[in-house]
file my_file.txt (compact mmCIF, C-alpha atoms)
# COMPACT_ATOMS: atom_id res chain seq x y z
CA MET J 1448 -5.34 -43.52 24.78
CA GLY J 1449 -5.32 -40.52 22.46
CA ASN J 1450 -6.21 -40.77 18.81
CA LYS J 1451 -2.98 -41.28 16.86
CA PHE J 1452 -4.68 -40.52 13.54
CA ARG J 1453 -4.80 -36.82 12.66
CA SER J 1454 -6.59 -35.24 9.74
CA ILE J 1455 -4.80 -32.91 7.32
CA GLU J 1456 -6.86 -30.05 8.78
CA THR J 1457 -5.71 -30.89 12.34
CA LYS J 1458 -2.08 -31.07 11.24
CA HIS J 1459 -2.46 -27.71 9.47
CA HIS J 1460 -3.79 -26.02 12.59
CA GLU J 1461 -0.99 -27.49 14.71
CA GLU J 1462 1.59 -26.17 12.24
CA ARG J 1463 -0.13 -22.77 12.19
CA ASP J 1464 -0.08 -22.54 16.01
CA ALA J 1465 3.62 -23.46 16.05
CA PHE J 1466 4.22 -20.82 13.38
CA PHE J 1467 2.71 -18.05 15.51
CA GLU J 1468 4.51 -19.25 18.63
CA GLY J 1469 7.81 -18.95 16.76
CA LEU J 1470 6.81 -15.52 15.41
CA LYS J 1471 6.71 -14.12 18.94
CA ARG J 1472 10.47 -14.65 19.28
CA LEU J 1473 11.37 -13.09 15.92
CA ASP J 1474 15.11 -12.99 16.21
CA ARG J 1475 16.80 -13.55 12.84
CA ARG J 1476 17.12 -17.32 13.23
CA ALA J 1477 13.57 -17.74 14.53
CA PHE J 1478 12.16 -15.59 11.75
CA LEU J 1479 13.83 -17.63 9.04
CA ARG J 1480 12.48 -20.79 10.65
CA VAL J 1481 8.84 -19.62 10.86
CA ALA J 1482 9.00 -18.04 7.40
CA GLY J 1483 9.98 -21.45 6.05
CA MET J 1484 7.15 -23.03 8.03
CA SER J 1485 4.73 -20.53 6.49
CA ALA J 1486 5.83 -21.59 3.03
CA GLY J 1487 5.26 -25.22 4.01
CA ILE J 1488 1.74 -24.48 5.23
CA VAL J 1489 0.92 -22.74 1.99
CA ALA J 1490 2.33 -25.57 -0.11
CA GLY J 1491 0.50 -28.16 1.97
CA MET J 1492 -2.81 -26.38 1.46
CA GLY J 1493 -2.26 -26.14 -2.30
CA LEU J 1494 -2.24 -22.35 -2.25
CA ARG J 1495 -0.18 -20.10 -4.45
CA THR J 1496 1.83 -17.68 -2.33
CA PRO J 1497 2.09 -14.25 -3.96
CA GLN J 1498 5.06 -12.01 -4.39
CA SER J 1499 4.01 -8.88 -2.59
CA PHE J 1500 6.55 -6.09 -2.71
CA GLN J 1501 6.85 -3.34 -5.26
CA LEU J 1502 10.29 -2.57 -6.63
CA VAL J 1503 10.90 1.02 -7.66
CA ASN J 1504 13.88 2.18 -9.73
CA VAL J 1505 14.85 5.85 -9.86
CA ALA J 1506 16.97 6.49 -12.96
CA GLU J 1507 20.09 8.66 -13.16
CA ALA J 1508 19.83 12.19 -14.51
CA GLN J 1509 21.92 10.96 -17.47
CA GLY J 1510 21.43 7.48 -18.91
CA THR J 1511 19.04 4.73 -17.99
CA LYS J 1512 20.97 2.95 -15.25
CA PRO J 1513 19.06 3.15 -11.95
CA ARG J 1514 20.52 5.59 -9.48
CA PHE J 1515 19.02 3.60 -6.63
CA THR J 1516 16.27 1.13 -5.87
CA PHE J 1517 13.67 0.94 -3.16
CA ALA J 1518 11.06 -1.70 -2.43
CA TYR J 1519 7.42 -1.07 -1.57
CA ILE J 1520 5.01 -3.12 0.57
CA SER J 1521 1.43 -1.87 1.03
CA ASP J 1522 -2.13 -2.57 2.19
CA THR J 1523 -1.50 -5.79 4.11
CA HIS J 1524 -4.63 -5.45 6.33
CA LEU J 1525 -3.40 -7.73 9.10
CA TYR J 1526 -5.83 -9.22 11.58
CA GLU J 1527 -4.62 -10.50 14.94
CA GLN J 1528 -3.01 -13.88 14.46
CA LYS J 1529 -5.72 -15.89 16.23
CA LEU J 1530 -8.37 -14.61 13.80
CA ASN J 1531 -6.76 -14.81 10.37
CA ASP J 1532 -3.33 -15.79 9.08
CA ARG J 1533 -3.88 -15.53 5.32
CA PHE J 1534 -2.63 -11.95 5.12
CA VAL J 1535 0.21 -12.75 7.53
CA ARG J 1536 1.48 -15.30 5.03
CA SER J 1537 1.39 -12.61 2.34
CA ILE J 1538 3.47 -10.08 4.29
CA LEU J 1539 5.94 -12.79 5.31
CA LYS J 1540 6.39 -13.61 1.64
CA ALA J 1541 6.91 -9.92 0.91
CA VAL J 1542 9.62 -9.70 3.58
CA ASP J 1543 11.24 -12.85 2.22
CA ASP J 1544 11.21 -11.41 -1.31
CA VAL J 1545 12.67 -8.07 -0.24
CA ASN J 1546 15.39 -9.71 1.86
CA GLY J 1547 16.29 -11.88 -1.13
CA LEU J 1548 16.94 -8.93 -3.44
CA ASP J 1549 20.54 -8.67 -4.62
CA PRO J 1550 21.67 -5.96 -4.45
CA GLN J 1551 19.55 -4.87 -1.52
CA PRO J 1552 17.26 -1.83 -1.95
CA ASP J 1553 18.31 1.41 -0.30
CA PHE J 1554 15.12 1.36 1.76
CA VAL J 1555 11.67 -0.18 1.93
CA LEU J 1556 8.57 2.00 2.14
CA PHE J 1557 5.43 0.63 3.74
CA GLY J 1558 2.42 2.29 2.09
CA GLY J 1559 -0.29 2.16 4.75
CA ASP J 1560 -3.05 -0.09 6.12
CA LEU J 1561 -0.70 -2.37 8.00
CA ALA J 1562 -3.65 -3.33 10.24
CA GLN J 1563 -7.28 -4.06 9.48
CA LEU J 1564 -8.99 -2.50 12.52
CA GLY J 1565 -6.11 -0.61 14.14
CA ALA J 1566 -5.94 -2.98 17.11
CA PRO J 1567 -2.70 -2.99 19.13
CA GLY J 1568 -2.21 -6.69 18.39
CA GLU J 1569 -2.53 -6.11 14.65
CA LEU J 1570 -0.07 -3.20 14.59
CA LYS J 1571 2.43 -4.91 16.89
CA LEU J 1572 2.31 -8.06 14.77
CA GLY J 1573 3.06 -5.99 11.67
CA ALA J 1574 5.86 -4.12 13.45
CA GLN J 1575 7.41 -7.43 14.56
CA ILE J 1576 7.38 -8.81 11.04
CA LEU J 1577 8.81 -5.63 9.51
CA LYS J 1578 11.72 -5.72 11.97
CA SER J 1579 13.07 -8.63 9.95
CA VAL J 1580 13.44 -6.52 6.80
CA LYS J 1581 17.17 -6.15 6.15
CA ALA J 1582 16.97 -2.68 4.55
CA PRO J 1583 15.80 0.41 6.48
CA VAL J 1584 11.98 0.68 6.57
CA ARG J 1585 10.07 3.96 6.15
CA MET J 1586 6.42 3.92 7.19
CA MET J 1587 3.27 5.62 5.86
CA VAL J 1588 -0.03 5.43 7.72
CA GLY J 1589 -3.44 4.34 6.38
CA GLU J 1590 -6.93 4.86 7.77
CA HIS J 1591 -7.12 1.26 9.04
CA ASP J 1592 -4.08 2.03 11.23
CA TRP J 1593 -5.36 5.32 12.64
CA PHE J 1594 -8.98 5.65 13.73
CA LEU J 1595 -9.20 3.27 16.69
CA ASP J 1596 -6.97 5.47 18.87
CA MET J 1597 -6.34 8.40 16.48
CA GLY J 1598 -2.82 7.24 15.77
CA ASP J 1599 -1.47 6.85 19.31
CA MET J 1600 -0.21 3.30 18.83
CA TRP J 1601 1.10 4.09 15.33
CA LYS J 1602 3.16 7.02 16.64
CA ASP J 1603 4.50 4.93 19.53
CA LEU J 1604 5.64 2.21 17.13
CA PHE J 1605 6.72 4.19 14.07
CA GLY J 1606 7.01 7.92 14.90
CA ALA J 1607 5.55 10.92 13.09
CA PRO J 1608 2.95 10.14 10.40
CA ASN J 1609 4.25 12.86 8.05
CA TYR J 1610 7.86 13.66 7.22
CA SER J 1611 10.26 14.28 4.35
CA PHE J 1612 13.76 13.20 3.41
CA ASP J 1613 16.31 13.61 0.62
CA HIS J 1614 17.95 10.62 -0.99
CA LYS J 1615 20.50 10.75 -3.82
CA GLY J 1616 19.10 13.86 -5.46
CA VAL J 1617 15.38 13.13 -5.01
CA HIS J 1618 13.14 14.83 -2.44
CA PHE J 1619 10.57 12.53 -0.83
CA VAL J 1620 7.45 13.71 1.02
CA VAL J 1621 5.41 11.25 3.08
CA LEU J 1622 1.90 12.45 3.99
CA ASN J 1623 -0.84 11.46 6.38
CA SER J 1624 -3.67 11.95 3.88
CA ILE J 1625 -6.41 10.05 5.71
CA LEU J 1626 -7.48 12.66 8.29
CA GLU J 1627 -11.24 13.25 8.66
CA LYS J 1628 -13.52 15.84 10.19
CA ASP J 1629 -15.04 14.78 13.51
CA PHE J 1630 -18.18 12.70 12.87
CA TRP J 1631 -17.94 10.68 16.10
CA THR J 1632 -18.16 13.09 19.07
CA GLU J 1633 -21.69 14.35 18.47
CA ARG J 1634 -22.89 10.79 17.79
CA LYS J 1635 -21.17 9.55 20.99
CA LEU J 1636 -19.46 6.75 19.10
CA THR J 1637 -16.96 4.49 20.81
CA PRO J 1638 -13.45 4.24 19.34
CA LYS J 1639 -14.30 0.78 18.02
CA GLU J 1640 -17.49 2.07 16.34
CA ARG J 1641 -15.52 4.94 14.80
CA MET J 1642 -12.91 2.54 13.44
CA GLN J 1643 -15.52 0.18 11.98
CA ILE J 1644 -17.26 3.06 10.20
CA VAL J 1645 -14.02 4.31 8.63
CA ALA J 1646 -13.02 0.78 7.63
CA GLY J 1647 -16.33 0.34 5.82
CA LEU J 1648 -15.63 3.09 3.24
CA ASP J 1649 -19.08 3.06 1.62
CA ASN J 1650 -21.24 4.83 4.19
CA GLY J 1651 -22.82 8.24 4.56
CA ILE J 1652 -21.53 8.92 8.07
CA GLN J 1653 -17.80 9.57 7.83
CA SER J 1654 -16.31 12.66 6.22
CA ARG J 1655 -13.94 12.53 3.25
CA PHE J 1656 -10.19 12.17 3.69
CA GLU J 1657 -7.98 15.25 3.80
CA VAL J 1658 -4.39 16.28 4.34
CA GLY J 1659 -5.56 19.24 6.43
CA GLU J 1660 -4.46 22.85 6.74
CA PRO J 1661 -1.71 22.31 9.38
CA GLN J 1662 -0.07 19.59 7.29
CA ARG J 1663 -0.40 21.64 4.09
CA ALA J 1664 1.38 24.51 5.88
CA TRP J 1665 4.13 22.09 6.91
CA MET J 1666 4.40 20.81 3.32
CA LYS J 1667 4.61 24.35 1.92
CA GLN J 1668 7.44 25.18 4.33
CA ASP J 1669 9.22 21.91 3.51
CA LEU J 1670 9.01 22.39 -0.27
CA ALA J 1671 10.18 26.02 -0.02
CA LYS J 1672 13.68 24.66 0.65
CA VAL J 1673 13.69 22.44 -2.47
CA ASP J 1674 14.96 23.58 -5.89
CA LYS J 1675 12.15 23.53 -8.48
CA LYS J 1676 14.24 21.32 -10.77
CA THR J 1677 14.70 18.64 -8.10
CA PRO J 1678 12.52 15.56 -8.72
CA VAL J 1679 9.81 15.24 -6.06
CA ILE J 1680 8.17 11.93 -5.15
CA VAL J 1681 5.16 12.05 -2.83
CA PHE J 1682 3.75 9.08 -0.96
CA SER J 1683 0.10 9.47 0.00
CA HIS J 1684 -2.12 6.64 1.16
CA SER J 1685 -5.28 8.09 -0.38
CA PRO J 1686 -5.12 9.37 -3.98
CA LEU J 1687 -4.26 13.08 -4.10
CA TYR J 1688 -7.13 13.69 -6.49
CA LYS J 1689 -10.90 13.27 -6.37
CA TYR J 1690 -11.66 9.82 -7.73
CA TYR J 1691 -14.94 8.47 -6.28
CA ARG J 1692 -16.53 10.17 -3.28
CA PRO J 1693 -19.06 7.51 -2.14
CA TRP J 1694 -16.26 5.00 -1.44
CA ASN J 1695 -13.88 7.65 -0.05
CA PHE J 1696 -11.45 7.13 -2.93
CA TRP J 1697 -11.11 10.85 -2.44
CA THR J 1698 -9.00 13.57 -0.79
CA ASP J 1699 -11.05 16.67 -0.10
CA ASP J 1700 -8.17 19.15 -0.24
CA ALA J 1701 -6.38 17.46 -3.15
CA ASP J 1702 -6.56 20.65 -5.24
CA GLU J 1703 -4.70 22.63 -2.56
CA VAL J 1704 -2.00 19.94 -2.29
CA GLN J 1705 -1.60 19.82 -6.07
CA ALA J 1706 -1.10 23.61 -6.08
CA LEU J 1707 1.89 23.17 -3.76
CA LEU J 1708 3.44 20.72 -6.25
CA LYS J 1709 2.66 22.69 -9.41
CA PRO J 1710 5.92 24.77 -9.43
CA PHE J 1711 8.14 21.66 -9.65
CA ASP J 1712 9.34 20.27 -12.97
CA LYS J 1713 9.05 16.57 -12.13
CA VAL J 1714 6.46 15.29 -9.69
CA THR J 1715 5.24 11.76 -9.11
CA VAL J 1716 2.59 10.77 -6.57
CA ILE J 1717 2.39 7.12 -5.56
CA HIS J 1718 -0.67 6.10 -3.54
CA GLY J 1719 -2.20 2.99 -2.03
CA HIS J 1720 -5.75 2.57 -0.67
CA THR J 1721 -7.57 1.78 -3.93
CA HIS J 1722 -6.03 -1.71 -4.39
CA GLN J 1723 -6.10 -1.52 -8.20
CA LEU J 1724 -4.25 -0.63 -11.38
CA LEU J 1725 -4.91 3.11 -11.59
CA SER J 1726 -3.24 5.87 -13.66
CA ASN J 1727 -3.88 9.59 -13.78
CA ARG J 1728 -2.24 12.84 -14.83
CA ILE J 1729 -3.17 16.33 -13.69
CA GLY J 1730 -0.97 19.09 -15.11
CA ASN J 1731 2.66 18.33 -14.23
CA ILE J 1732 1.77 15.55 -11.75
CA GLN J 1733 1.65 11.87 -12.68
CA PHE J 1734 -0.21 9.50 -10.37
CA HIS J 1735 0.13 5.75 -9.93
CA GLY J 1736 -2.09 3.58 -7.77
CA MET J 1737 -0.47 0.53 -6.25
CA LEU J 1738 -1.77 -3.02 -6.02
CA SER J 1739 -2.62 -4.47 -2.60
CA THR J 1740 -1.14 -7.61 -1.06
CA ALA J 1741 -4.54 -8.43 0.48
CA TRP J 1742 -7.39 -8.10 -2.06
CA PRO J 1743 -8.44 -5.98 -5.07
CA TRP J 1744 -11.18 -3.36 -4.80
CA PRO J 1745 -13.55 -3.08 -7.79
CA TYR J 1746 -13.40 -0.02 -10.01
CA ALA J 1747 -15.76 2.82 -9.19
CA PRO J 1748 -18.98 2.88 -11.26
CA GLU J 1749 -18.29 6.45 -12.33
CA GLY J 1750 -15.51 9.03 -12.25
CA LEU J 1751 -12.65 6.70 -13.24
CA PRO J 1752 -9.55 8.67 -14.36
CA GLN J 1753 -9.55 8.76 -18.16
CA LEU J 1754 -6.01 7.35 -18.53
CA THR J 1755 -6.66 4.25 -16.44
CA VAL J 1756 -6.57 1.00 -18.37
CA GLN J 1757 -8.97 -1.20 -16.46
CA MET J 1758 -8.34 -4.75 -15.39
CA ASN J 1759 -11.12 -7.19 -16.13
CA ARG J 1760 -12.99 -8.36 -13.06
CA PRO J 1761 -10.84 -10.60 -10.82
CA ASP J 1762 -11.62 -14.30 -10.71
CA PRO J 1763 -13.62 -14.83 -7.49
CA PHE J 1764 -12.27 -18.39 -7.16
CA SER J 1765 -8.65 -17.21 -7.04
CA GLN J 1766 -7.83 -15.42 -3.79
CA PHE J 1767 -4.85 -13.52 -5.24
CA ASP J 1768 -6.13 -12.58 -8.70
CA GLY J 1769 -6.15 -8.79 -9.02
CA CYS J 1770 -3.30 -8.48 -6.49
CA GLY J 1771 0.39 -8.24 -7.28
CA ASP J 1772 3.60 -6.25 -7.29
CA GLY J 1773 5.44 -4.04 -9.75
CA ARG J 1774 8.34 -1.82 -10.64
CA MET J 1775 8.64 1.91 -11.24
CA ASP J 1776 11.37 3.50 -13.40
CA VAL J 1777 11.79 7.27 -13.21
CA LEU J 1778 13.35 8.16 -16.57
CA GLU J 1779 15.85 10.84 -17.62
CA SER J 1780 12.92 13.12 -18.47
CA GLY J 1781 11.64 12.80 -14.91
CA LEU J 1782 8.57 10.88 -16.10
CA VAL J 1783 7.72 7.39 -14.91
CA ASP J 1784 7.23 4.01 -16.58
CA LYS J 1785 5.21 1.75 -14.25
CA LEU J 1786 5.21 -2.02 -14.53
CA TYR J 1787 2.36 -3.86 -12.80
CA ASN J 1788 3.20 -7.50 -12.07
CA LEU J 1789 -0.21 -9.08 -11.65
CA TRP J 1790 0.32 -12.42 -9.93
CA GLU J 1791 -2.03 -14.49 -12.07
CA ARG J 1792 -2.14 -12.42 -15.28
CA ASN J 1793 0.21 -10.99 -17.86
CA PRO J 1794 2.17 -7.94 -16.63
CA ILE J 1795 1.03 -4.47 -17.73
CA THR J 1796 3.31 -1.47 -18.36
CA VAL J 1797 1.91 2.07 -18.16
CA ARG J 1798 4.49 4.20 -19.96
CA ALA J 1799 5.36 7.85 -19.46
CA SER J 1800 4.68 8.38 -23.16
CA TYR J 1801 1.13 7.08 -22.66
CA LEU J 1802 0.42 9.52 -19.82
CA GLY J 1803 2.27 12.39 -21.53
CA SER J 1804 0.30 11.99 -24.77
CA GLY J 1805 -3.03 11.88 -23.00
CA GLY J 1806 -3.49 8.24 -23.97
CA LYS J 1807 -2.71 8.65 -27.70
CA GLN J 1808 0.60 6.73 -27.67
CA ASP J 1809 1.73 3.39 -26.26
CA ALA J 1810 -1.63 2.43 -24.77
CA PRO J 1811 -1.27 -0.64 -22.54
CA PRO J 1812 -3.48 -3.65 -23.33
CA ARG J 1813 -6.42 -4.56 -21.16
CA THR J 1814 -5.67 -7.34 -18.71
CA LYS J 1815 -7.60 -10.54 -19.19
CA LEU J 1816 -8.59 -13.36 -16.90
CA PRO J 1817 -6.41 -16.44 -17.34
CA SER J 1818 -7.74 -19.32 -19.41
CA TYR J 1819 -8.89 -22.44 -17.58

call {"tool": "encode", "arguments": {"input": "my_file.txt", "output": "structure tokens"}}
result
Amino acid sequence: MGNKFRSIETKHHEERDAFFEGLKRLDRRAFLRVAGMSAGIVAGMGLRTPQSFQLVNVAEAQGTKPRFTFAYISDTHLYEQKLNDRFVRSILKAVDDVNGLDPQPDFVLFGGDLAQLGAPGELKLGAQILKSVKAPVRMMVGEHDWFLDMGDMWKDLFGAPNYSFDHKGVHFVVLNSILEKDFWTERKLTPKERMQIVAGLDNGIQSRFEVGEPQRAWMKQDLAKVDKKTPVIVFSHSPLYKYYRPWNFWTDDADEVQALLKPFDKVTVIHGHTHQLLSNRIGNIQFHGMLSTAWPWPYAPEGLPQLTVQMNRPDPFSQFDGCGDGRMDVLESGLVDKLYNLWERNPITVRASYLGSGGKQDAPPRTKLPSY
């Protein structure tokens, strides 16, 4: 006779297995059922489920009422379901949050690093989950999605890795900024070895990220059709400036890309990859780093952009401290106020006036660890 007494751990694993079995069917009714099960698992384990989308408001040319809204989900770093479901719970919560927005956003942009090691199972799992987003989804690729098969699976699932579109008076450019020079052929590395090296960041083997000459030529041709007074918003997974080379928080041809954006009156670049509160301004371009849904990276030991207001070190006993969501308002002036909603800290606003004054006005406070 089987043991009728089950531990909490055994019950949790049974619920988790049922959760993933339901995920495979992912029609609307099945998704709502397994999303609710995910919330139950989290509550049963005593974990705090994060909110994990970023809400971005683009203001009207006159007045402060948003012209439209779009949500942002980034850096989910999914493993295959049999290995790790912590980050799956985070992206499911993000989808739940986005689908609960009223009114719905015009679109949702995914900011890269859907997968952790670019495996087909990781990318397909992410694609399945994102199918349940009510609003249209626009995708941007990260290095963790690319270097196992050089983007073949990504392109099959999501299409071209770089593209542009116009939406309600704003021109958007989505870049593949994580290309690298070939370091693998001469070393006779396998695709898996190549992917593991790129995923490691802090090594002396891989080259630095770049947009690349062919893509810069495409971007130049694309922007030639855009009036210089039209607001331009660029999505780039890596920062389009040179932050910290040893960790590949760096884009080698950032200067050339910035030169293409210099003629425009209002330019904002929003990037992922660094998993941290990060602010920068170079000439007419304002830069905002986005928080990850998975984990925070530490700040670089040198070369931090001067206008960044650093978070204190995340609490190592809290799995979601240093992660979070936020909101971006593009003002009448074309400049951006950025609100960072840190899940376990007070929110931080980085104002356009702070960036525009070179840090002399409206400096945001440092974030502090919560009191225990």

call {"tool": "residues_around", "arguments": {"input": "my_file.txt", "residues": "range 1760-1769 of chain J", "least_positions_apart": "2", "cutoff": "7 Å", "atoms": "all atoms listed in the file", "output": "PyMOL selection string"}}
result
chain J and resi 1742-1743+1758+1771+1789-1791+1816

call {"tool": "closest_residue", "arguments": {"input": "my_file.txt", "among": "J:Ser1537, J:Ser1521, J:Gln1753, J:Thr1516", "to": "Phe1557 in chain J", "atoms": "all atoms listed in the file"}}
result
J:Ser1521

call {"tool": "atom_distance", "arguments": {"input": "my_file.txt", "atom1": "CA of Leu1778 in chain J", "atom2": "CA of Met1737 in chain J"}}
result
18.9 Å

call {"tool": "closest_residue", "arguments": {"input": "my_file.txt", "among": "J:Gln1668, J:Ser1726, J:Thr1796, J:Ser1739", "to": "Tyr1690 in chain J", "atoms": "all atoms listed in the file"}}
result
J:Ser1726

call {"tool": "residues_near_point", "arguments": {"input": "my_file.txt", "point": "(13.6, 14.3, -6.0)", "cutoff": "8 Å", "atoms": "all atoms listed in the file", "output": "list in words"}}
result
Asp1613, His1614, Gly1616, Val1617, His1618, Phe1619, Thr1677, Pro1678, Val1679, Ile1680 and Lys1713 of chain J

call {"tool": "residues_around", "arguments": {"input": "my_file.txt", "residues": "Trp1697 in chain J", "least_positions_apart": "6", "cutoff": "8 Å", "atoms": "all atoms listed in the file", "output": "PyMOL selection string"}}
result
chain J and resi 1655-1656+1685-1691

call {"tool": "closest_residue", "arguments": {"input": "my_file.txt", "among": "J:Gln1653, J:Asn1793, J:Asn1609, J:Gln1563", "to": "Leu1622 in chain J", "atoms": "all atoms listed in the file"}}
result
J:Asn1609

call {"tool": "atom_distance", "arguments": {"input": "my_file.txt", "atom1": "CA of Glu1569 in chain J", "atom2": "CA of Tyr1526 in chain J"}}
result
5.5 Å

call {"tool": "closest_residue", "arguments": {"input": "my_file.txt", "among": "J:Val1542, J:Ala1562, J:Ile1644, J:Ile1520", "to": "Met1586 in chain J", "atoms": "only C-alpha atoms"}}
result
J:Ile1520

call {"tool": "residues_around", "arguments": {"input": "my_file.txt", "residues": "Val1714 in chain J", "least_positions_apart": "6", "cutoff": "9 Å", "atoms": "all atoms listed in the file", "output": "PyMOL selection string"}}
result
chain J and resi 1678-1681+1708+1731-1734+1781-1782

call {"tool": "atom_distance", "arguments": {"input": "my_file.txt", "atom1": "CA of Lys1578 in chain J", "atom2": "CA of Gly1565 in chain J"}}
result
18.7 Å

call {"tool": "decode", "arguments": {"input": "my_file.txt", "residues": "range 1655-1662 of chain J", "atoms": "all heavy atoms", "output": "compact mmCIF listing (two decimals), in the first residue's frame"}}
result
# COMPACT_ATOMS: atom_id res chain seq x y z
N ARG J 1655 33.85 42.02 -28.12
CA ARG J 1655 32.82 42.91 -27.57
C ARG J 1655 31.61 42.94 -28.50
O ARG J 1655 31.71 42.64 -29.68
CB ARG J 1655 33.37 44.32 -27.38
CG ARG J 1655 34.61 44.44 -26.49
CD ARG J 1655 34.40 43.85 -25.11
NE ARG J 1655 34.75 42.42 -25.04
CZ ARG J 1655 34.63 41.66 -23.96
NH1 ARG J 1655 34.15 42.15 -22.83
NH2 ARG J 1655 34.96 40.39 -24.00
N PHE J 1656 30.47 43.32 -27.95
CA PHE J 1656 29.27 43.42 -28.77
C PHE J 1656 29.40 44.54 -29.80
O PHE J 1656 30.14 45.51 -29.61
CB PHE J 1656 28.04 43.71 -27.89
CG PHE J 1656 27.66 42.59 -26.97
CD1 PHE J 1656 27.24 42.85 -25.68
CD2 PHE J 1656 27.69 41.27 -27.40
CE1 PHE J 1656 26.86 41.84 -24.83
CE2 PHE J 1656 27.32 40.24 -26.55
CZ PHE J 1656 26.91 40.53 -25.26
N GLU J 1657 28.65 44.41 -30.88
CA GLU J 1657 28.58 45.46 -31.89
C GLU J 1657 27.28 45.37 -32.67
O GLU J 1657 26.65 44.30 -32.73
CB GLU J 1657 29.77 45.37 -32.85
CG GLU J 1657 29.87 44.08 -33.62
CD GLU J 1657 31.08 44.01 -34.52
OE1 GLU J 1657 32.17 44.49 -34.13
OE2 GLU J 1657 30.95 43.48 -35.64
N VAL J 1658 26.88 46.49 -33.23
CA VAL J 1658 25.75 46.53 -34.15
C VAL J 1658 26.20 46.04 -35.53
O VAL J 1658 25.47 45.33 -36.22
CB VAL J 1658 25.16 47.95 -34.22
CG1 VAL J 1658 24.09 48.06 -35.30
CG2 VAL J 1658 24.58 48.34 -32.85
N GLY J 1659 27.40 46.42 -35.93
CA GLY J 1659 27.97 45.94 -37.19
C GLY J 1659 27.69 46.85 -38.36
O GLY J 1659 26.66 47.53 -38.42
N GLU J 1660 28.60 46.85 -39.31
CA GLU J 1660 28.50 47.76 -40.46
C GLU J 1660 27.25 47.54 -41.31
O GLU J 1660 26.57 48.51 -41.67
CB GLU J 1660 29.76 47.66 -41.32
CG GLU J 1660 29.92 48.77 -42.34
CD GLU J 1660 29.04 48.57 -43.57
OE1 GLU J 1660 28.82 47.40 -43.95
OE2 GLU J 1660 28.56 49.59 -44.14
N PRO J 1661 26.88 46.27 -41.64
CA PRO J 1661 25.66 46.09 -42.44
C PRO J 1661 24.41 46.64 -41.75
O PRO J 1661 23.56 47.26 -42.40
CB PRO J 1661 25.58 44.57 -42.62
CG PRO J 1661 26.98 44.10 -42.47
CD PRO J 1661 27.59 44.99 -41.44
N GLN J 1662 24.30 46.44 -40.45
CA GLN J 1662 23.12 46.94 -39.74
C GLN J 1662 23.15 48.46 -39.58
O GLN J 1662 22.11 49.11 -39.63
CB GLN J 1662 23.01 46.26 -38.37
CG GLN J 1662 21.64 46.38 -37.74
CD GLN J 1662 21.52 45.58 -36.45
OE1 GLN J 1662 20.45 45.57 -35.86
NE2 GLN J 1662 22.56 44.91 -35.99
